[in-house]
Amino acid sequence: MITILSFKSILAILATLIIAFIISIFIPGIERKYIHGRIQQRIGPPLFSPGLMAPIKFFFKENLKPNSPLPKLYKSLPVISFIVIFLILLFIIPQFYIYGSLASVIAIVGLLKVEEIAYVLMGSLSKSVMSTGMSFPDKIKGAKHLNVKSSFIEDISSSRALRLIIFGSFPLYLALFVPVSTVGSVYLSDILSYQISHGPILFSVSGIIGAIVFFIGYMILLNEYPFAILKTKADVIEGPYMEYSSKYRAINYINRGFLIFVLGSLFSLMFLGYPSNIFSWKFIINVLVALIFPVLMAILSAFSPIFTNKQFYPVILVSSIFGVLAILLGLLI
Amino acid sequence: MNEDEISNGKNIHNEDNVRNEEITHNENIIETEVALGTVHPAALEPYRLRLFVEDEIVKDAEITIGVNHRGVERIMEGLPVEKANALTEKICGICSNAHIWNSCLTAEKALGIDIPERANYIRIIMEELERLHSHFLYLGHGCEVLAHETFSMRAFSIRETVMELLRMIGGNRVQYGASIIGGVRPRCELDSNRIIKILEGMDIVEKKLNDFADRFVSDPIVMNRITGVGKISSKDALKLEVTGPTLRATGVKKDLRFKMKEYEPFDFNMITLSDGDVKDNILMRVLEIPEAISIIRQAVKNLPNGPIVDRSWEMIDSPTVHNYIEVPRGTLYHSYALEDGRVRGSVIRTPSMSNIGAMQLACIGNHLTDAQLCIVQCDPCFTCTDRAIEIIKL
């Protein structure tokens, strides 16, 4: 039997979603203007520019047909990503907890996996002229290798996204299971109730370790420097997003800010017990946490070069080990 | 057909076979080609880079230039030598002063002109300022490719002081037009105000560089990231005729400034490092900057009195004259003959021409993400190489 939400609950969900979306629009601007700009001793872009003005500008640009074997699927991926992020936020709003199985860590992990798979598909379906599509005679005099299989640079991005699915996103998922191991339930309602009665999980040993691991996983999932292997400027440029133009590029811009907010909000719920509920004062803490995360991320990215395998694998390995340790501590203590 | 021709023919045939075997062999080991460019955000200039990769590790690399070809050598042919000199400055936007200086030196050598000592000092100041801005550009671009935006911005910020000094002396930030045959232009004269500003500028640059260098060297993530990447041995560097700081970063003591009579009045050290990797190449530029500052200070302090241009020369015909100078990126070569005051048989070879082989070699064995960094470590200026050389149809 399907449980029907009350009018107040629907109103709370809608208001939370809208306000969260509006706040998320400012996050890229805060990163660029107030963090990167200040650290790098420059003015930086206007606050509204990266998160709001850029998507608006792209919405009204002419849409170019992407160079892709499946253009319709390629174009639909940002929309799918947006829906996935929207659903994650929807599921972590307390009024939605009555739909037990949807408001669970398993559902959130599943949705985040969809987001990751979207990167793989975007990369494999984008065939930009930046690499092999550019007509240039490679059979020049003295060319050392002829008839070598050419690769689009987005293909590299796609294979990197696949690697991230296989092992790169371990830290984030392990960190999400730290509260699960502590509480003994995958349901968000149980995790929230536990923290209301016992205090935030963050203030335990497993919680602190889990929070650090979550932050590393958060940066990896968001493809932020130094973990931005999907869109490294030095080789794959924009990677999976290369062929998006007009409104599809605008949606990508929006998605990033929205995902940053949603993951921060998720952390606030899972480790602090402050859910994103507009009718509670705890929503302010939730928003603050969601804003502190991108600030910390921007500081770290401003002082880090891009990682290659030599640095990337050890970070994942160590953070994954700490993630497992945090889960074990959560189970034992 | 005589025996030699037959044997040569056999050799060619054998070479072809060897080459075919090599290609077949290489095709077996090389998985994929990743072509970057000719337009790519990590590259300052347009060039084509073919990387042959296996599991994102570069097995071989091939750089193709030619996109910016202007045929300056050919355009210079028949131009009055003064106009040809001015044209050489347009070859490069970074070492523009070096080109016009070397072209003027070539003409002065051909015409037997001894320029006033004060003019030589001003030319040295301009050249060393250009070395500073080139090295800071290198640091900024290197950090940008490394994706360390903060260090990149800092380097560009320090460079700004140097650019303003160049603008003050030359009247422009890129094309200064300082050198002319017989000396330097009157507008590049250094009065007491300018001298004070140069000295103040050098103090600022030195202080900011020290801060930058301390932070850079003490950053464990950055050092881990660049150590051992793009290594070139001194043996390979000599074999590939590498020049400039890239050569000296491999441990080879070769700096043409120590052989140039223009630099005789100045006391400075030759910096050499040993590893030849990205770390040493970056440190090489960082360590060369204080030496350039020292030369500028010496030149300003000991600036002789007297005229800055000698106009008492006469145009004569001359056979081909060659001149080499040490510019920020290596050895720059200019040569031409003079006939009725016009240039004949001009040849210009920029440092990047010699360093392309090293760039390709440096990429091999490194991660795909590091390929651009390996090229940048050799401080390429493909555009000026492109513009100058004459492309011959084969």
# chains A, B, ... in the order shown; residues from 1 in each chain; ligands from 1
$ interface_residues --of "chain B" --to "chain A" --cutoff "7 Å" --atoms "only C-alpha atoms" --output "list in words"
Ile23, Glu27, Thr32, Glu33, Val34, Ala35, Leu36, Gly37, Pro41, Ala42, Val145, Leu146, Ala147, His148, Glu149, Thr150, Met153, Arg154, Ile221, Val222, Leu368, Thr369 and Gln372 of chain B
$ residues_around --residues "segment 346-352 of chain B" --least-positions-apart "3" --cutoff "8 Å" --atoms "only C-alpha atoms" --output "PDB file with C-alpha atoms, in the first residue's frame"
ATOM      1  CA  GLU B  73      63.745  33.905 -43.569  1.00  0.00           C
ATOM      2  CA  ARG B  74      62.310  34.173 -47.076  1.00  0.00           C
ATOM      3  CA  MET B  76      63.911  38.924 -45.121  1.00  0.00           C
ATOM      4  CA  GLU B  77      65.532  38.046 -48.421  1.00  0.00           C
ATOM      5  CA  THR B 243      70.605  23.824 -25.685  1.00  0.00           C
ATOM      6  CA  GLY B 244      70.026  26.339 -22.939  1.00  0.00           C
ATOM      7  CA  ARG B 329      65.653  29.222 -23.999  1.00  0.00           C
ATOM      8  CA  GLY B 330      69.031  28.302 -25.429  1.00  0.00           C
ATOM      9  CA  THR B 331      71.224  29.164 -28.363  1.00  0.00           C
ATOM     10  CA  LEU B 332      69.857  31.451 -31.051  1.00  0.00           C
ATOM     11  CA  TYR B 333      71.506  31.500 -34.468  1.00  0.00           C
ATOM     12  CA  HIS B 334      71.198  34.186 -37.117  1.00  0.00           C
ATOM     13  CA  SER B 335      73.147  34.428 -40.338  1.00  0.00           C
ATOM     14  CA  TYR B 336      72.917  36.390 -43.549  1.00  0.00           C
ATOM     15  CA  ALA B 337      74.998  38.109 -46.172  1.00  0.00           C
ATOM     16  CA  VAL B 343      69.837  40.852 -46.794  1.00  0.00           C
ATOM     17  CA  ASN B 355      65.128  20.953 -28.219  1.00  0.00           C
ATOM     18  CA  ILE B 356      62.256  19.208 -30.035  1.00  0.00           C
ATOM     19  CA  ASP B 379      60.594  25.517 -22.566  1.00  0.00           C
ATOM     20  CA  PRO B 380      59.287  25.220 -26.119  1.00  0.00           C
ATOM     21  CA  CYS B 381      58.617  28.121 -28.429  1.00  0.00           C
ATOM     22  CA  PHE B 382      57.307  26.337 -31.491  1.00  0.00           C
ATOM     23  CA  CYS B 384      59.040  31.274 -33.303  1.00  0.00           C
ATOM     24  CA  THR B 385      60.626  28.119 -34.676  1.00  0.00           C
ATOM     25  CA  ALA B 388      61.459  31.518 -38.984  1.00  0.00           C
ATOM     26  CA  ILE B 389      62.186  28.295 -40.800  1.00  0.00           C
TER      27      ILE B 389
END
$ atom_distance --atom1 "atom CA of Ser233 of chain B" --atom2 "atom CA of Gly251 of chain B"
8.4 Å
$ select_by_dssp --residues "segment 283-366 of chain B" --states "strand (DSSP E or B)" --output "ChimeraX atom specification"
/B:309,318-327,330-339,342-349
$ write_last_selection --atoms "C-alpha atoms" --output "tab-separated table (two decimals), in the first residue's frame"
chain	number	residue	atom	x	y	z
B	309	VAL	CA	74.29	54.77	-30.74
B	318	SER	CA	79.57	41.29	-46.90
B	319	PRO	CA	79.71	37.53	-47.28
B	320	THR	CA	77.52	35.40	-45.01
B	321	VAL	CA	78.09	36.17	-41.35
B	322	HIS	CA	77.05	33.83	-38.55
B	323	ASN	CA	76.23	34.81	-35.00
B	324	TYR	CA	75.18	32.79	-31.97
B	325	ILE	CA	73.86	34.20	-28.72
B	326	GLU	CA	72.49	32.69	-25.51
B	327	VAL	CA	68.82	33.59	-25.14
B	330	GLY	CA	69.03	28.30	-25.43
B	331	THR	CA	71.22	29.16	-28.36
B	332	LEU	CA	69.86	31.45	-31.05
B	333	TYR	CA	71.51	31.50	-34.47
B	334	HIS	CA	71.20	34.19	-37.12
B	335	SER	CA	73.15	34.43	-40.34
B	336	TYR	CA	72.92	36.39	-43.55
B	337	ALA	CA	75.00	38.11	-46.17
B	338	LEU	CA	74.68	41.78	-47.22
B	339	GLU	CA	74.49	42.99	-50.79
B	342	ARG	CA	69.99	44.23	-48.51
B	343	VAL	CA	69.84	40.85	-46.79
B	344	ARG	CA	70.78	37.72	-48.70
B	345	GLY	CA	70.56	34.08	-47.64
B	346	SER	CA	69.06	34.55	-44.21
B	347	VAL	CA	69.02	31.58	-41.85
B	348	ILE	CA	67.51	31.71	-38.36
B	349	ARG	CA	67.54	28.79	-35.94
$ closest_residue --among "A:Gly168, A:Pro294, A:Pro200, A:Gly217" --to "Ile27 of chain A" --atoms "only C-alpha atoms"
A:Pro294
$ closest_residue --among "A:Tyr248, A:Gln95, A:Leu111, A:Gly210" --to "Lys57 of chain A" --atoms "only C-alpha atoms"
A:Tyr248
$ residues_around --residues "Ser169 of chain A" --least-positions-apart "5" --cutoff "12 Å" --atoms "only C-alpha atoms" --output "PyMOL selection string"
chain A and resi 109+112-113+115-117+160-164+174-176+213-223+227+312-313+315-317+319-320+323
$ residues_around --residues "Pro240 of chain A" --least-positions-apart "6" --cutoff "9 Å" --atoms "only C-alpha atoms" --output "PyMOL selection string"
chain A and resi 119-126+154-155+157-158+230-231
$ write_last_selection --atoms "N, CA and C atoms" --output "tab-separated table (two decimals), in the first residue's frame"
chain	number	residue	atom	x	y	z
A	119	TYR	N	29.13	9.32	-16.31
A	119	TYR	CA	30.43	9.84	-16.76
A	119	TYR	C	31.05	8.89	-17.78
A	120	VAL	N	30.92	7.59	-17.52
A	120	VAL	CA	31.50	6.59	-18.44
A	120	VAL	C	30.82	6.73	-19.81
A	121	LEU	N	29.50	6.81	-19.77
A	121	LEU	CA	28.75	6.91	-21.03
A	121	LEU	C	29.05	8.23	-21.74
A	122	MET	N	29.10	9.30	-20.99
A	122	MET	CA	29.40	10.61	-21.62
A	122	MET	C	30.74	10.55	-22.32
A	123	GLY	N	31.73	9.98	-21.65
A	123	GLY	CA	33.08	9.90	-22.22
A	123	GLY	C	33.11	9.03	-23.46
A	124	SER	N	32.42	7.90	-23.40
A	124	SER	CA	32.48	6.99	-24.55
A	124	SER	C	31.64	7.48	-25.72
A	125	LEU	N	30.65	8.33	-25.44
A	125	LEU	CA	29.78	8.81	-26.53
A	125	LEU	C	30.23	10.15	-27.10
A	126	SER	N	31.23	10.76	-26.51
A	126	SER	CA	31.69	12.05	-27.02
A	126	SER	C	32.88	11.83	-27.96
A	154	GLU	N	38.26	11.67	-25.25
A	154	GLU	CA	37.18	11.39	-24.31
A	154	GLU	C	37.13	9.90	-23.95
A	155	ASP	N	37.66	9.04	-24.88
A	155	ASP	CA	37.70	7.61	-24.57
A	155	ASP	C	38.57	7.36	-23.33
A	157	SER	N	39.00	9.50	-20.96
A	157	SER	CA	38.17	9.95	-19.85
A	157	SER	C	37.20	8.86	-19.42
A	158	SER	N	36.63	8.21	-20.43
A	158	SER	CA	35.65	7.16	-20.15
A	158	SER	C	36.29	6.00	-19.40
A	230	LEU	N	39.22	12.90	-14.69
A	230	LEU	CA	38.26	12.82	-15.80
A	230	LEU	C	38.34	14.04	-16.70
A	231	LYS	N	38.74	15.16	-16.13
A	231	LYS	CA	38.77	16.40	-16.92
A	231	LYS	C	40.09	17.15	-16.70
$ select_by_dssp --residues "segment 221-256 of chain A" --states "alpha helix (DSSP H)" --output "VMD selection string"
chain A and resid 221 246 to 256
$ write_last_selection --atoms "N, CA and C atoms" --output "mmCIF file, in the first residue's frame"
data_model
loop_
_atom_site.group_PDB
_atom_site.id
_atom_site.type_symbol
_atom_site.label_atom_id
_atom_site.label_comp_id
_atom_site.auth_asym_id
_atom_site.auth_seq_id
_atom_site.Cartn_x
_atom_site.Cartn_y
_atom_site.Cartn_z
ATOM 1 N N LEU A 221 34.536 12.033 -6.295
ATOM 2 C CA LEU A 221 33.281 11.949 -7.052
ATOM 3 C C LEU A 221 32.993 13.254 -7.801
ATOM 4 N N SER A 246 25.134 24.648 -25.432
ATOM 5 C CA SER A 246 23.826 25.213 -25.109
ATOM 6 C C SER A 246 23.248 24.702 -23.782
ATOM 7 N N LYS A 247 21.975 24.307 -23.800
ATOM 8 C CA LYS A 247 21.296 23.970 -22.543
ATOM 9 C C LYS A 247 21.877 22.734 -21.864
ATOM 10 N N TYR A 248 22.463 21.837 -22.668
ATOM 11 C CA TYR A 248 23.037 20.624 -22.058
ATOM 12 C C TYR A 248 24.286 20.977 -21.249
ATOM 13 N N ARG A 249 25.037 21.911 -21.748
ATOM 14 C CA ARG A 249 26.202 22.394 -20.991
ATOM 15 C C ARG A 249 25.722 23.148 -19.741
ATOM 16 N N ALA A 250 24.649 23.905 -19.915
ATOM 17 C CA ALA A 250 24.092 24.641 -18.765
ATOM 18 C C ALA A 250 23.664 23.664 -17.671
ATOM 19 N N ILE A 251 23.034 22.561 -18.084
ATOM 20 C CA ILE A 251 22.590 21.567 -17.080
ATOM 21 C C ILE A 251 23.806 20.973 -16.364
ATOM 22 N N ASN A 252 24.876 20.743 -17.128
ATOM 23 C CA ASN A 252 26.104 20.234 -16.500
ATOM 24 C C ASN A 252 26.630 21.193 -15.445
ATOM 25 N N TYR A 253 26.578 22.469 -15.754
ATOM 26 C CA TYR A 253 27.036 23.483 -14.797
ATOM 27 C C TYR A 253 26.182 23.434 -13.530
ATOM 28 N N ILE A 254 24.866 23.341 -13.758
ATOM 29 C CA ILE A 254 23.940 23.306 -12.615
ATOM 30 C C ILE A 254 24.149 22.034 -11.794
ATOM 31 N N ASN A 255 24.338 20.924 -12.516
ATOM 32 C CA ASN A 255 24.500 19.629 -11.843
ATOM 33 C C ASN A 255 25.641 19.647 -10.846
ATOM 34 N N ARG A 256 26.739 20.280 -11.240
ATOM 35 C CA ARG A 256 27.923 20.252 -10.382
ATOM 36 C C ARG A 256 27.632 20.948 -9.040
#
